[in-house]
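Asks: What follows is coords22.tsv, TSV, C-alpha atoms and all ligand atoms.
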chain	number	residue	atom	x	y	z
M	795	MET	CA	0.00	0.00	0.00
M	796	LYS	CA	1.10	3.56	-0.70
M	797	LYS	CA	2.64	5.37	2.25
M	798	ILE	CA	-0.08	6.99	4.34
M	799	HIS	CA	0.41	10.68	5.15
M	800	ARG	CA	0.70	11.82	8.75
M	801	GLU	CA	-2.41	14.00	8.28
M	802	THR	CA	-4.37	10.81	7.64
M	803	LEU	CA	-2.71	8.89	10.47
M	804	ALA	CA	-3.75	11.69	12.86
M	805	ILE	CA	-7.36	10.92	12.02
M	806	ARG	CA	-7.45	7.25	11.06
M	807	GLY	CA	-4.43	5.88	12.92
M	808	GLU	CA	-4.50	3.58	15.94
M	809	ARG	CA	-8.03	3.48	17.39
M	810	VAL	CA	-10.24	1.51	19.76
M	811	SER	CA	-13.52	0.02	18.60
M	812	SER	CA	-16.14	-2.23	20.13
M	813	ALA	CA	-18.61	-4.69	18.56
M	814	TYR	CA	-21.11	-1.83	18.08
M	815	ASN	CA	-19.33	-0.28	15.07
M	816	GLU	CA	-19.33	3.21	16.58
M	817	HIS	CA	-17.84	5.89	14.31
M	818	ALA	CA	-16.18	7.80	17.16
M	819	GLN	CA	-13.79	5.85	19.34
M	820	ALA	CA	-15.13	3.65	22.09
M	821	LEU	CA	-14.15	4.63	25.62
M	822	TYR	CA	-13.04	1.97	28.09
M	823	LEU	CA	-13.38	3.35	31.60
M	824	SER	CA	-12.53	0.24	33.54
M	825	SER	CA	-9.91	-0.14	36.22
M	826	SER	CA	-9.58	-3.88	35.62
M	827	PHE	CA	-10.27	-6.54	32.98
M	828	THR	CA	-11.53	-10.08	33.54
M	829	PHE	CA	-10.06	-13.42	32.49
M	830	LYS	CA	-11.93	-16.42	31.09
M	831	THR	CA	-9.69	-18.90	32.86
M	832	ALA	CA	-6.82	-19.12	35.33
M	833	GLN	CA	-4.61	-20.18	32.43
M	834	GLU	CA	-5.48	-17.02	30.47
M	835	ALA	CA	-4.83	-14.87	33.55
M	836	GLN	CA	-1.38	-16.39	33.94
M	837	GLU	CA	-0.51	-15.80	30.30
M	838	LEU	CA	-1.70	-12.18	30.48
M	839	PHE	CA	0.27	-11.48	33.64
M	840	LEU	CA	3.42	-13.03	32.18
M	841	GLY	CA	2.97	-11.00	28.99
M	842	GLU	CA	2.74	-14.21	26.92
M	843	ARG	CA	-0.66	-13.17	25.60
M	844	ALA	CA	-1.71	-9.72	24.37
M	845	GLY	CA	-4.54	-8.16	26.35
M	846	TYR	CA	-5.40	-6.09	29.36
M	847	THR	CA	-5.38	-6.80	33.07
M	848	TYR	CA	-5.47	-3.51	34.98
M	849	SER	CA	-5.53	0.11	33.75
M	850	ARG	CA	-2.43	1.12	35.70
M	851	THR	CA	-0.39	-1.28	33.60
M	852	ALA	CA	-2.22	-0.68	30.30
M	853	ASN	CA	-5.59	0.46	28.94
M	854	PRO	CA	-6.95	0.32	25.36
M	855	ASN	CA	-7.67	4.07	25.09
M	856	VAL	CA	-4.35	5.06	26.59
M	857	ASP	CA	-2.47	2.70	24.27
M	858	ALA	CA	-4.37	3.93	21.22
M	859	PHE	CA	-3.57	7.57	21.99
M	860	ALA	CA	0.11	6.83	22.61
M	861	MET	CA	0.47	4.75	19.44
M	862	ARG	CA	-1.29	7.31	17.25
M	863	LEU	CA	0.95	10.06	18.62
M	864	ALA	CA	4.01	7.85	18.05
M	865	SER	CA	3.06	7.45	14.39
M	866	LEU	CA	3.03	11.26	14.04
M	867	GLU	CA	6.39	11.58	15.79
M	868	GLY	CA	7.84	8.96	13.44
M	869	ALA	CA	8.54	6.73	16.46
M	870	GLU	CA	8.20	2.97	16.83
M	871	ARG	CA	6.24	3.29	20.02
M	872	GLY	CA	4.78	5.73	22.52
M	873	ILE	CA	3.61	5.66	26.08
M	874	ALA	CA	1.22	8.13	27.70
M	875	THR	CA	1.42	9.68	31.17
M	876	ALA	CA	-0.83	11.68	33.51
M	877	THR	CA	0.88	15.01	32.70
M	878	GLY	CA	3.86	16.37	30.82
M	879	MET	CA	5.83	16.51	34.07
M	880	ALA	CA	5.04	12.84	34.72
M	881	ALA	CA	6.54	12.04	31.31
M	882	ILE	CA	9.75	13.91	32.13
M	883	GLN	CA	9.94	12.37	35.60
M	884	ALA	CA	9.41	8.90	34.12
M	885	VAL	CA	12.28	9.41	31.64
M	886	PHE	CA	14.64	10.53	34.42
M	887	MET	CA	13.68	7.63	36.70
M	888	SER	CA	13.93	5.08	33.88
M	889	PHE	CA	17.38	5.95	32.58
M	890	MET	CA	19.34	7.38	35.52
M	891	GLN	CA	20.49	6.17	38.90
M	892	ALA	CA	22.71	7.35	41.74
M	893	GLY	CA	26.16	8.30	40.40
M	894	ASP	CA	24.83	9.41	37.01
M	895	HIS	CA	24.86	12.89	35.50
M	896	LEU	CA	22.21	14.90	33.61
M	897	LEU	CA	23.12	17.69	31.21
M	898	ALA	CA	20.21	20.06	30.69
M	899	SER	CA	19.46	23.27	28.85
M	900	LYS	CA	19.09	26.38	31.02
M	901	SER	CA	16.05	27.36	28.98
M	902	LEU	CA	13.62	24.73	30.24
M	903	PHE	CA	10.04	24.99	31.44
M	904	GLY	CA	10.04	26.18	35.08
M	905	SER	CA	8.67	22.94	36.53
M	906	SER	CA	11.27	20.94	34.60
M	907	ILE	CA	14.01	23.00	36.27
M	908	GLY	CA	12.25	22.50	39.61
M	909	LEU	CA	12.18	18.75	39.10
M	910	ILE	CA	15.82	18.63	37.97
M	911	ASN	CA	16.81	20.56	41.08
M	912	THR	CA	15.54	17.66	43.23
M	913	LEU	CA	17.71	15.04	41.48
M	914	HIS	CA	20.69	15.58	43.80
M	915	ARG	CA	18.57	13.90	46.51
M	916	TYR	CA	18.84	10.68	44.52
M	917	GLY	CA	22.58	11.02	43.92
M	918	ILE	CA	22.23	12.35	40.36
M	919	ALA	CA	24.47	15.29	39.43
M	920	VAL	CA	23.27	18.02	37.09
M	921	ASP	CA	24.78	20.73	34.91
M	922	PHE	CA	22.82	23.42	33.09
M	923	VAL	CA	24.17	24.87	29.82
M	924	ASN	CA	23.09	27.44	27.26
M	925	GLN	CA	20.55	25.95	24.87
M	926	ASN	CA	22.26	27.00	21.65
M	927	ASP	CA	25.94	27.00	22.63
M	928	LEU	CA	27.21	23.61	21.45
M	929	SER	CA	30.65	24.11	23.02
M	930	GLN	CA	29.08	24.21	26.49
M	931	TRP	CA	27.30	20.89	25.91
M	932	GLN	CA	30.58	19.41	24.64
M	933	ASP	CA	32.59	20.78	27.60
M	934	LYS	CA	30.20	19.70	30.33
M	935	ILE	CA	29.49	16.16	29.20
M	936	ARG	CA	31.09	13.50	31.46
M	937	PRO	CA	31.61	9.75	31.18
M	938	ASN	CA	28.64	9.24	33.54
M	939	THR	CA	26.27	11.58	31.63
M	940	LYS	CA	23.18	9.53	30.77
M	941	ILE	CA	20.78	12.15	29.37
M	942	LEU	CA	21.02	15.41	27.43
M	943	PHE	CA	17.73	17.23	27.93
M	944	VAL	CA	16.59	20.12	25.80
M	945	GLU	CA	13.32	21.89	25.02
M	946	ASN	CA	12.91	22.92	21.41
M	947	VAL	CA	11.93	25.69	20.86
M	948	SER	CA	12.69	27.31	24.18
M	949	ASN	CA	10.23	29.32	26.23
M	950	PRO	CA	9.82	32.27	25.89
M	951	LEU	CA	12.62	33.38	23.54
M	952	CYS	CA	12.29	30.60	20.93
M	953	GLU	CA	15.99	29.66	21.08
M	954	ILE	CA	16.66	26.62	18.94
M	955	ALA	CA	19.01	23.77	19.73
M	956	ASP	CA	20.83	22.07	16.85
M	957	LEU	CA	19.39	18.59	17.38
M	958	ASN	CA	21.68	16.70	14.99
M	959	SER	CA	24.77	18.09	16.71
M	960	LEU	CA	23.42	17.44	20.19
M	961	ALA	CA	22.52	13.88	19.18
M	962	ASN	CA	26.12	13.34	18.01
M	963	ILE	CA	27.49	14.66	21.30
M	964	ALA	CA	25.08	12.44	23.24
M	965	HIS	CA	25.71	9.29	21.21
M	966	GLN	CA	29.52	9.57	21.34
M	967	ASN	CA	29.02	9.32	25.09
M	968	ASN	CA	26.37	6.54	24.99
M	969	ALA	CA	23.90	9.06	26.40
M	970	LEU	CA	20.33	9.73	25.26
M	971	LEU	CA	19.16	12.95	23.67
M	972	VAL	CA	15.70	13.73	25.07
M	973	VAL	CA	13.72	16.58	23.52
M	974	ASP	CA	10.69	18.27	25.07
M	975	ASN	CA	8.47	18.77	22.00
M	976	SER	CA	5.48	20.33	23.79
M	977	PHE	CA	5.69	23.71	22.05
M	978	CYS	CA	6.09	22.43	18.50
M	979	THR	CA	4.08	19.19	18.58
M	980	PRO	CA	5.04	16.62	15.91
M	981	VAL	CA	3.27	18.71	13.28
M	982	VAL	CA	5.99	21.38	13.48
M	983	GLN	CA	8.99	19.26	14.52
M	984	GLN	CA	9.83	15.55	14.69
M	985	PRO	CA	12.88	15.42	16.96
M	986	LEU	CA	13.54	11.74	16.17
M	987	LEU	CA	14.26	12.65	12.52
M	988	PHE	CA	17.15	14.78	13.79
M	989	GLY	CA	18.72	12.09	15.96
M	990	ALA	CA	16.83	12.50	19.23
M	991	ASP	CA	16.21	9.26	21.12
M	992	LEU	CA	13.05	10.31	22.91
M	993	SER	CA	10.47	13.01	22.27
M	994	VAL	CA	8.48	13.97	25.36
M	995	SER	CA	5.34	16.09	25.30
M	996	SER	CA	2.94	17.85	27.55
M	997	ALA	CA	-0.26	16.84	25.74
M	998	THR	CA	-1.99	19.43	27.93
M	999	LYS	CA	-0.79	22.07	25.46
M	1000	GLY	CA	-1.18	21.86	21.69
M	1001	ILE	CA	-2.24	18.23	21.49
M	1002	ASP	CA	-5.40	18.83	23.50
M	1003	GLY	CA	-5.52	22.36	22.11
M	1004	GLN	CA	-8.65	23.37	23.94
M	1005	GLY	CA	-7.47	23.50	27.53
M	1006	ARG	CA	-9.65	20.61	28.70
M	1007	VAL	CA	-7.46	17.86	30.16
M	1008	MET	CA	-3.92	17.16	31.32
M	1009	GLY	CA	-1.72	14.55	29.71
M	1010	GLY	CA	1.79	13.66	28.62
M	1011	ALA	CA	3.61	11.23	26.36
M	1012	ILE	CA	7.00	9.79	25.51
M	1013	CYS	CA	7.81	8.47	22.02
M	1014	GLY	CA	10.86	6.60	20.76
M	1015	ALA	CA	12.27	3.19	19.89
M	1016	SER	CA	10.43	0.16	21.31
M	1017	ALA	CA	13.30	-0.93	23.54
M	1018	LEU	CA	13.47	2.49	25.23
M	1019	ILE	CA	9.70	2.78	25.63
M	1020	ASP	CA	9.66	-0.71	27.14
M	1021	THR	CA	12.06	0.48	29.82
M	1022	VAL	CA	9.86	3.51	30.53
M	1023	TRP	CA	6.78	1.28	30.69
M	1024	GLY	CA	8.53	-0.83	33.32
M	1025	HIS	CA	8.75	2.28	35.47
M	1026	ILE	CA	5.32	3.78	34.76
M	1027	ARG	CA	3.33	0.59	35.34
M	1028	THR	CA	4.61	0.47	38.92
M	1029	SER	CA	4.95	4.18	39.69
M	1030	GLY	CA	1.39	4.89	38.53
M	1031	GLU	CA	2.15	7.98	36.45
M	1032	VAL	CA	-0.44	6.73	33.95
M	1033	LEU	CA	-2.89	8.74	31.87
M	1034	SER	CA	-6.59	8.29	32.58
M	1035	PRO	CA	-8.58	6.54	29.82
M	1036	PHE	CA	-10.99	9.47	29.61
M	1037	ASN	CA	-8.16	11.95	29.06
M	1038	ALA	CA	-6.65	9.62	26.45
M	1039	TRP	CA	-9.99	9.56	24.65
M	1040	VAL	CA	-10.13	13.38	24.63
M	1041	LEU	CA	-6.50	13.66	23.52
M	1042	SER	CA	-7.00	11.17	20.66
M	1043	SER	CA	-9.65	13.47	19.22
M	1044	GLY	CA	-7.25	16.38	19.83
M	1045	LEU	CA	-4.83	14.63	17.47
M	1046	GLU	CA	-7.52	14.50	14.77
M	1047	THR	CA	-7.54	18.29	14.45
M	1048	LEU	CA	-3.87	18.86	15.30
M	1049	PHE	CA	-2.67	19.49	11.75
M	1050	VAL	CA	-5.34	22.04	10.79
M	1051	ARG	CA	-5.07	23.80	14.13
M	1052	MET	CA	-1.28	24.03	14.04
M	1053	GLU	CA	-1.20	25.13	10.40
M	1054	LYS	CA	-3.65	27.95	11.00
M	1055	GLN	CA	-2.20	28.96	14.39
M	1056	CYS	CA	1.35	29.04	12.99
M	1057	ALA	CA	0.15	31.16	10.05
M	1058	ASN	CA	-1.52	33.56	12.50
M	1059	ALA	CA	1.63	33.66	14.64
M	1060	LEU	CA	3.87	34.48	11.67
M	1061	GLU	CA	1.55	37.24	10.50
M	1062	LEU	CA	1.32	38.70	13.99
M	1063	ALA	CA	5.13	38.56	14.38
M	1064	LEU	CA	5.63	40.44	11.09
M	1065	TRP	CA	3.01	43.02	12.10
M	1066	LEU	CA	4.49	43.52	15.58
M	1067	GLN	CA	7.91	44.23	14.04
M	1068	ASN	CA	6.39	47.35	12.46
M	1069	GLN	CA	4.79	48.74	15.59
M	1070	PRO	CA	6.74	51.73	17.02
M	1071	GLN	CA	6.11	50.59	20.62
M	1072	VAL	CA	7.74	47.22	19.96
M	1073	GLU	CA	11.52	47.01	20.41
M	1074	LYS	CA	12.11	43.43	19.36
M	1075	VAL	CA	10.18	40.35	18.22
M	1076	TYR	CA	11.32	36.76	18.75
M	1077	TYR	CA	9.85	34.28	16.27
M	1078	PRO	CA	11.84	31.52	14.51
M	1079	PHE	CA	10.38	32.06	11.01
M	1080	LEU	CA	11.16	35.80	10.90
M	1081	PRO	CA	13.94	36.08	8.29
M	1082	ASP	CA	16.08	38.18	10.66
M	1083	PHE	CA	15.76	35.70	13.55
M	1084	PRO	CA	19.37	34.69	14.38
M	1085	GLN	CA	18.63	30.97	14.01
M	1086	TYR	CA	16.30	31.27	11.04
M	1087	GLU	CA	18.25	28.75	8.92
M	1088	LEU	CA	18.28	26.13	11.66
M	1089	ALA	CA	14.58	26.69	12.28
M	1090	ARG	CA	13.85	26.16	8.58
M	1091	LYS	CA	15.85	22.94	8.65
M	1092	GLN	CA	14.24	21.40	11.73
M	1093	GLN	CA	10.70	22.79	11.62
M	1094	THR	CA	7.88	22.74	9.09
M	1095	MET	CA	6.50	26.02	10.47
M	1096	GLY	CA	7.50	28.72	12.94
M	1097	GLY	CA	5.36	27.49	15.82
M	1098	ILE	CA	2.55	29.10	17.78
M	1099	VAL	CA	4.59	30.99	20.38
M	1100	LEU	CA	6.20	34.39	19.90
M	1101	SER	CA	7.64	36.93	22.29
M	1102	PHE	CA	8.16	40.65	21.98
M	1103	ALA	CA	9.68	43.45	24.03
M	1104	VAL	CA	7.81	46.73	24.44
M	1105	VAL	CA	9.26	50.20	25.02
M	1106	GLY	CA	9.12	51.54	28.57
M	1107	GLY	CA	9.91	48.50	30.71
M	1108	LYS	CA	7.75	46.48	33.05
M	1109	ASP	CA	5.06	49.13	33.57
M	1110	ASN	CA	4.19	49.16	29.91
M	1111	ALA	CA	4.38	45.36	29.67
M	1112	TRP	CA	1.88	45.07	32.52
M	1113	LYS	CA	-0.34	47.70	30.84
M	1114	VAL	CA	-0.52	45.50	27.76
M	1115	VAL	CA	-1.40	42.42	29.83
M	1116	ASP	CA	-4.03	44.31	31.84
M	1117	ASN	CA	-5.74	45.99	28.90
M	1118	VAL	CA	-6.00	43.42	26.13
M	1119	GLU	CA	-9.58	42.24	25.69
M	1120	LEU	CA	-9.33	39.16	23.48
M	1121	PHE	CA	-6.09	37.55	24.66
M	1122	SER	CA	-6.58	35.40	27.76
M	1123	ARG	CA	-4.37	36.25	30.72
M	1124	THR	CA	-3.12	32.74	31.48
M	1125	GLY	CA	0.08	30.76	31.42
M	1126	ASN	CA	-1.34	27.98	29.25
M	1127	LEU	CA	-0.41	27.75	25.60
M	1128	GLY	CA	-1.17	25.83	22.45
M	1129	ASP	CA	-4.86	26.57	22.94
M	1130	VAL	CA	-7.23	27.68	20.17
M	1131	ARG	CA	-7.69	30.81	22.31
M	1132	SER	CA	-4.74	33.20	22.17
M	1133	THR	CA	-3.01	33.86	25.47
M	1134	ILE	CA	-0.64	36.51	26.84
M	1135	THR	CA	1.89	36.18	29.66
M	1136	HIS	CA	4.53	38.39	31.28
M	1137	PRO	CA	7.29	35.77	31.75
M	1138	TYR	CA	9.41	37.95	34.08
M	1139	THR	CA	6.75	37.97	36.80
M	1140	THR	CA	4.96	34.66	36.11
M	1141	THR	CA	6.64	31.65	34.47
M	1142	HIS	CA	10.08	32.94	35.48
M	1143	ALA	CA	9.06	34.77	38.69
M	1144	ARG	CA	11.19	32.45	40.84
M	1145	VAL	CA	14.30	32.79	38.71
M	1146	ASP	CA	16.96	35.12	40.08
M	1147	ASP	CA	16.81	38.61	38.44
M	1148	LYS	CA	20.40	38.51	37.22
M	1149	GLU	CA	19.90	35.07	35.72
M	1150	LYS	CA	16.74	36.24	33.93
M	1151	ILE	CA	18.44	39.24	32.40
M	1152	ALA	CA	21.46	37.10	31.43
M	1153	CYS	CA	19.23	34.82	29.38
M	1154	GLY	CA	17.27	37.69	27.82
M	1155	ILE	CA	14.06	37.46	29.83
M	1156	THR	CA	13.74	41.16	30.46
M	1157	SER	CA	10.97	42.91	32.37
M	1158	ASN	CA	9.53	44.40	29.15
M	1159	LEU	CA	9.07	41.02	27.46
M	1160	LEU	CA	5.65	39.55	26.66
M	1161	ARG	CA	4.87	36.06	25.40
M	1162	LEU	CA	1.95	35.25	23.15
M	1163	SER	CA	0.53	31.86	22.29
M	1164	VAL	CA	-1.43	32.46	19.11
M	1165	GLY	CA	-4.79	30.79	18.62
M	1166	LEU	CA	-7.45	30.50	15.95
M	1167	GLU	CA	-9.22	33.86	16.25
M	1168	HIS	CA	-9.34	36.09	13.16
M	1169	ILE	CA	-5.92	37.65	12.71
M	1170	ASP	CA	-7.36	41.17	12.33
M	1171	ASP	CA	-9.09	40.90	15.69
M	1172	LEU	CA	-5.82	39.86	17.34
M	1173	LYS	CA	-3.98	42.79	15.72
M	1174	ASP	CA	-6.75	45.21	16.73
M	1175	ASP	CA	-6.64	44.01	20.31
M	1176	LEU	CA	-2.87	44.61	20.52
M	1177	TYR	CA	-3.03	47.86	18.52
M	1178	ASN	CA	-5.62	49.35	20.90
M	1179	VAL	CA	-3.27	48.80	23.82
M	1180	LEU	CA	0.12	49.46	22.18
M	1181	SER	CA	-0.99	52.76	20.63
M	1182	LYS	CA	-1.79	54.14	24.09
M	1183	LEU	CA	1.62	53.37	25.63
M	1184	ASP	CA	3.87	56.31	26.58
A	1	LIG	C1	3.48	22.61	30.26
A	1	LIG	C2	4.81	22.11	29.91
A	1	LIG	C3	5.35	21.00	30.57
A	1	LIG	C4	4.63	20.30	31.71
A	1	LIG	O1	3.45	19.71	31.28
A	1	LIG	P1	2.20	19.48	32.24
A	1	LIG	O2	1.23	18.76	31.37
A	1	LIG	O3	1.74	20.82	32.70
A	1	LIG	O4	2.68	18.66	33.38
A	1	LIG	C5	6.60	20.55	30.20
A	1	LIG	N1	7.29	21.15	29.21
A	1	LIG	C6	6.80	22.21	28.55
A	1	LIG	C7	7.61	22.83	27.46
A	1	LIG	C8	5.56	22.73	28.86
A	1	LIG	O5	5.10	23.80	28.20
Go ahead and express the file in the form of structure tokens.
Replies:
Amino acid sequence: MKKIHRETLAIRGERVSSAYNEHAQALYLSSSFTFKTAQEAQELFLGERAGYTYSRTANPNVDAFAMRLASLEGAERGIATATGMAAIQAVFMSFMQAGDHLLASKSLFGSSIGLINTLHRYGIAVDFVNQNDLSQWQDKIRPNTKILFVENVSNPLCEIADLNSLANIAHQNNALLVVDNSFCTPVVQQPLLFGADLSVSSATKGIDGQGRVMGGAICGASALIDTVWGHIRTSGEVLSPFNAWVLSSGLETLFVRMEKQCANALELALWLQNQPQVEKVYYPFLPDFPQYELARKQQTMGGIVLSFAVVGGKDNAWKVVDNVELFSRTGNLGDVRSTITHPYTTTHARVDDKEKIACGITSNLLRLSVGLEHIDDLKDDLYNVLSKLD
């Protein structure tokens, strides 16, 4: 058969169906599954027979969601988790132990940094390096480094890591390159095509896309996912079947949503560049973005997140946040509703001031996640506020 496109897999890929021939997916809310005989139970528990025993170890809806997502990531297999943080935690617990070392980008999601900062309690050492400075990754890697962890693109400045080069550095050391793909989703970027070993996602963001449920996932080669499953089935970081059912339908609209939201984001970025109250715009598909070429190589589109700095410092940035009428004031992103955040005092509020400034998160910076509203309404909303700034 001819190769099936990812757009089709997103809609008609792995699914769960019952004997009733329902057109939508069936939903299996059951904590456990029964056995016809003691013999069958034994075979199921030993993994000698395919099937389900208990939803902490596996559930049809959760498996279907994870496998459909894996097909979009270009991965052999996927496994789903309760949240994005559970996915990251599961990767750390599955592939590191006391005496090991983690090398992580400085530009990670706040909770990821928080989690990494607890690893010393388990005897795991950590170094943070600049996302896009390859020499720092090369210098800090040690014989006991097990994971290189990066978030592409970074939040909020859209810094881009060169995945092929990082994969080479990792693999020369027998370490894994793990990429947090929450911002891009597999529609915009497939980290495994550029050498990453695992792609982790917060499905809470673009994959759900409508701010309804939490979820996470890890995709990669079968052998690696098997190791992660060994951890998750006992730690209980599993996704609920209901959330998996919601997230599977999220995948069905992922391509059209991302395509339109990325187009809106690019247009808004170009428009913001021409506003006199805007000092700088950060968006990977702007031709003058410093890593434009790398972005074009690794990504199909520029993504849904952009940041911009306004004149007049924090006061003006807060004025924009307080006076927009369409943009939601919330930290969530990837939603069909556009959102606005002031990173300096929210997502990065707990980061030391000097550190923030050093990595470019200034007090006049605003982050937008661009949704599906009409682009002219989004521009009008920002124009009405920007034009009144001193
Ligand atoms: C939100 C987010 C996470 C954490 O996901 P949750 O589903 O909130 O646990 C991890 N990484 C990135 C980049 C995120 O945006």
Asks: Using all atoms listed in the file, find each residue in chain M having at least one atom no more than 8 Å away from ligand LIG 1 (chain A); report its shortest atom-to-atom pair and that distance in Å (one decimal), rows by chain then rising number, as JSON lines.
Replies:
{"residue": "M:Ala876", "atom": "CA", "partner": "A:LIG1", "partner_atom": "O2", "distance": 7.7}
{"residue": "M:Thr877", "atom": "CA", "partner": "A:LIG1", "partner_atom": "O2", "distance": 4.0}
{"residue": "M:Gly878", "atom": "CA", "partner": "A:LIG1", "partner_atom": "O1", "distance": 3.4}
{"residue": "M:Met879", "atom": "CA", "partner": "A:LIG1", "partner_atom": "O4", "distance": 3.9}
{"residue": "M:Ala880", "atom": "CA", "partner": "A:LIG1", "partner_atom": "O4", "distance": 6.4}
{"residue": "M:Ala881", "atom": "CA", "partner": "A:LIG1", "partner_atom": "O4", "distance": 7.9}
{"residue": "M:Ile882", "atom": "CA", "partner": "A:LIG1", "partner_atom": "C5", "distance": 7.6}
{"residue": "M:Leu902", "atom": "CA", "partner": "A:LIG1", "partner_atom": "C7", "distance": 6.9}
{"residue": "M:Phe903", "atom": "CA", "partner": "A:LIG1", "partner_atom": "C7", "distance": 5.1}
{"residue": "M:Ser905", "atom": "CA", "partner": "A:LIG1", "partner_atom": "C4", "distance": 6.8}
{"residue": "M:Ser906", "atom": "CA", "partner": "A:LIG1", "partner_atom": "C5", "distance": 6.4}
{"residue": "M:Glu945", "atom": "CA", "partner": "A:LIG1", "partner_atom": "C7", "distance": 6.3}
{"residue": "M:Ser948", "atom": "CA", "partner": "A:LIG1", "partner_atom": "C7", "distance": 7.5}
{"residue": "M:Asn949", "atom": "CA", "partner": "A:LIG1", "partner_atom": "C7", "distance": 7.1}
{"residue": "M:Asp974", "atom": "CA", "partner": "A:LIG1", "partner_atom": "C7", "distance": 6.0}
{"residue": "M:Asn975", "atom": "CA", "partner": "A:LIG1", "partner_atom": "C7", "distance": 6.9}
{"residue": "M:Ser976", "atom": "CA", "partner": "A:LIG1", "partner_atom": "C7", "distance": 4.9}
{"residue": "M:Phe977", "atom": "CA", "partner": "A:LIG1", "partner_atom": "C7", "distance": 5.8}
{"residue": "M:Ser995", "atom": "CA", "partner": "A:LIG1", "partner_atom": "N1", "distance": 6.7}
{"residue": "M:Ser996", "atom": "CA", "partner": "A:LIG1", "partner_atom": "O1", "distance": 4.2}
{"residue": "M:Ala997", "atom": "CA", "partner": "A:LIG1", "partner_atom": "O2", "distance": 6.1}
{"residue": "M:Thr998", "atom": "CA", "partner": "A:LIG1", "partner_atom": "O2", "distance": 4.8}
{"residue": "M:Lys999", "atom": "CA", "partner": "A:LIG1", "partner_atom": "C1", "distance": 6.4}
{"residue": "M:Met1008", "atom": "CA", "partner": "A:LIG1", "partner_atom": "O2", "distance": 5.4}
{"residue": "M:Gly1009", "atom": "CA", "partner": "A:LIG1", "partner_atom": "O2", "distance": 5.4}
{"residue": "M:Gly1010", "atom": "CA", "partner": "A:LIG1", "partner_atom": "O2", "distance": 5.8}
{"residue": "M:Asn1126", "atom": "CA", "partner": "A:LIG1", "partner_atom": "C1", "distance": 7.3}
{"residue": "M:Leu1127", "atom": "CA", "partner": "A:LIG1", "partner_atom": "O5", "distance": 7.3}
Asks: Report, in Å to a single decimal, how far apart CA of Gly1003 in chain M and CA of Arg1051 in chain M are.
Replies: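 Atom-to-atom, CA of Arg1051 in chain M to CA of Gly1003 in chain M, that is 8.1 Å.
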Asks: Give me, as an MDAnalysis selection string, all polymer residues having an atom no more than 12 Å from Arg915 in chain M, counting only C-alpha atoms and skipping those fewer than 4 positions away in the same chain.
Replies: chainID M and resid 891:893 909:911 919:920
Asks: From the options M:Ile1026, M:Val982, M:Leu1048, M:Leu971, which residue's atoms come nearest to Arg862 in chain M, counting only C-alpha atoms?
Replies: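 Residue with the minimum atom-to-atom distance to Arg862 in chain M: M:Leu1048.
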Asks: Using all atoms listed in the file, which residue out of M:Asn962, M:Asn946, M:Ser1122, M:Gln1093 lies closest to Leu928 in chain M?
Replies: M:Asn962
Asks: With only C-alpha atoms as the atoms that count, which of M:Leu1088, M:Ile1012, M:Ala874, M:Leu896 lies nearest to Phe988 in chain M?
Replies: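 The answer is M:Leu1088, which sits nearest to Phe988 in chain M.
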Asks: Hey, which of M:Trp931, M:Ile1169, M:Ser901, M:Glu834 ends up closest to His1142 in chain M? Count all atoms listed in the file.
Replies: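 Smallest distance to His1142 in chain M is found for M:Ser901.
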Asks: Restrict the calculation to all atoms listed in the file, then for each residue of range 985-1088 of chain M with any atom at most 12 Å from an atom of range 801-822 of chain M give the closest atom pair and their distance in Å to one decimal, rows by chain and rising residue number, as a Markdown table.
Replies:
| residue | atom | partner | partner_atom | distance |
| --- | --- | --- | --- | --- |
| M:Ile1001 | CA | M:Ala804 | CA | 10.9 |
| M:Ser1034 | CA | M:Tyr822 | CA | 10.1 |
| M:Pro1035 | CA | M:Tyr822 | CA | 6.6 |
| M:Phe1036 | CA | M:Leu821 | CA | 7.0 |
| M:Asn1037 | CA | M:Leu821 | CA | 10.1 |
| M:Ala1038 | CA | M:Leu821 | CA | 9.0 |
| M:Trp1039 | CA | M:Leu821 | CA | 6.5 |
| M:Val1040 | CA | M:Leu821 | CA | 9.7 |
| M:Leu1041 | CA | M:Ala804 | CA | 11.2 |
| M:Ser1042 | CA | M:Arg809 | CA | 8.4 |
| M:Ser1043 | CA | M:Ile805 | CA | 8.0 |
| M:Gly1044 | CA | M:Ala804 | CA | 9.1 |
| M:Leu1045 | CA | M:Ala804 | CA | 5.6 |
| M:Glu1046 | CA | M:Ile805 | CA | 4.5 |
| M:Thr1047 | CA | M:Ile805 | CA | 7.8 |
| M:Leu1048 | CA | M:Ala804 | CA | 7.6 |
| M:Phe1049 | CA | M:Glu801 | CA | 6.5 |
| M:Val1050 | CA | M:Glu801 | CA | 8.9 |
| M:Arg1051 | CA | M:Glu801 | CA | 11.7 |
| M:Met1052 | CA | M:Glu801 | CA | 11.6 |
| M:Glu1053 | CA | M:Glu801 | CA | 11.4 |
Asks: From the list M:Asn926, M:Gln1055, M:Thr1124, M:Ser824, which residue is nearest Ser959 in chain M when using only C-alpha atoms?
Replies: M:Asn926
Asks: Counting only C-alpha atoms, which residues sit no farther than 6 Å from the position (8.5, 48.8, 25.5) in the file's frame? I'd like them as a list in words.
Replies: Gln1071, Val1072, Ala1103, Val1104, Val1105, Gly1106, Gly1107 and Asn1158 of chain M
Asks: For the atom pair CA of His1168 in chain M and CA of Ala1089 in chain M, what is the interatomic distance in Å to one decimal place?
Replies: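 Going from CA of His1168 in chain M over to CA of Ala1089 in chain M, I get 25.7 Å.
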Asks: For a test of reading the model, state the distance in Å between CA of Leu1166 in chain M and CA of Leu1062 in chain M, rounded to one decimal.
Replies: 12.2 Å
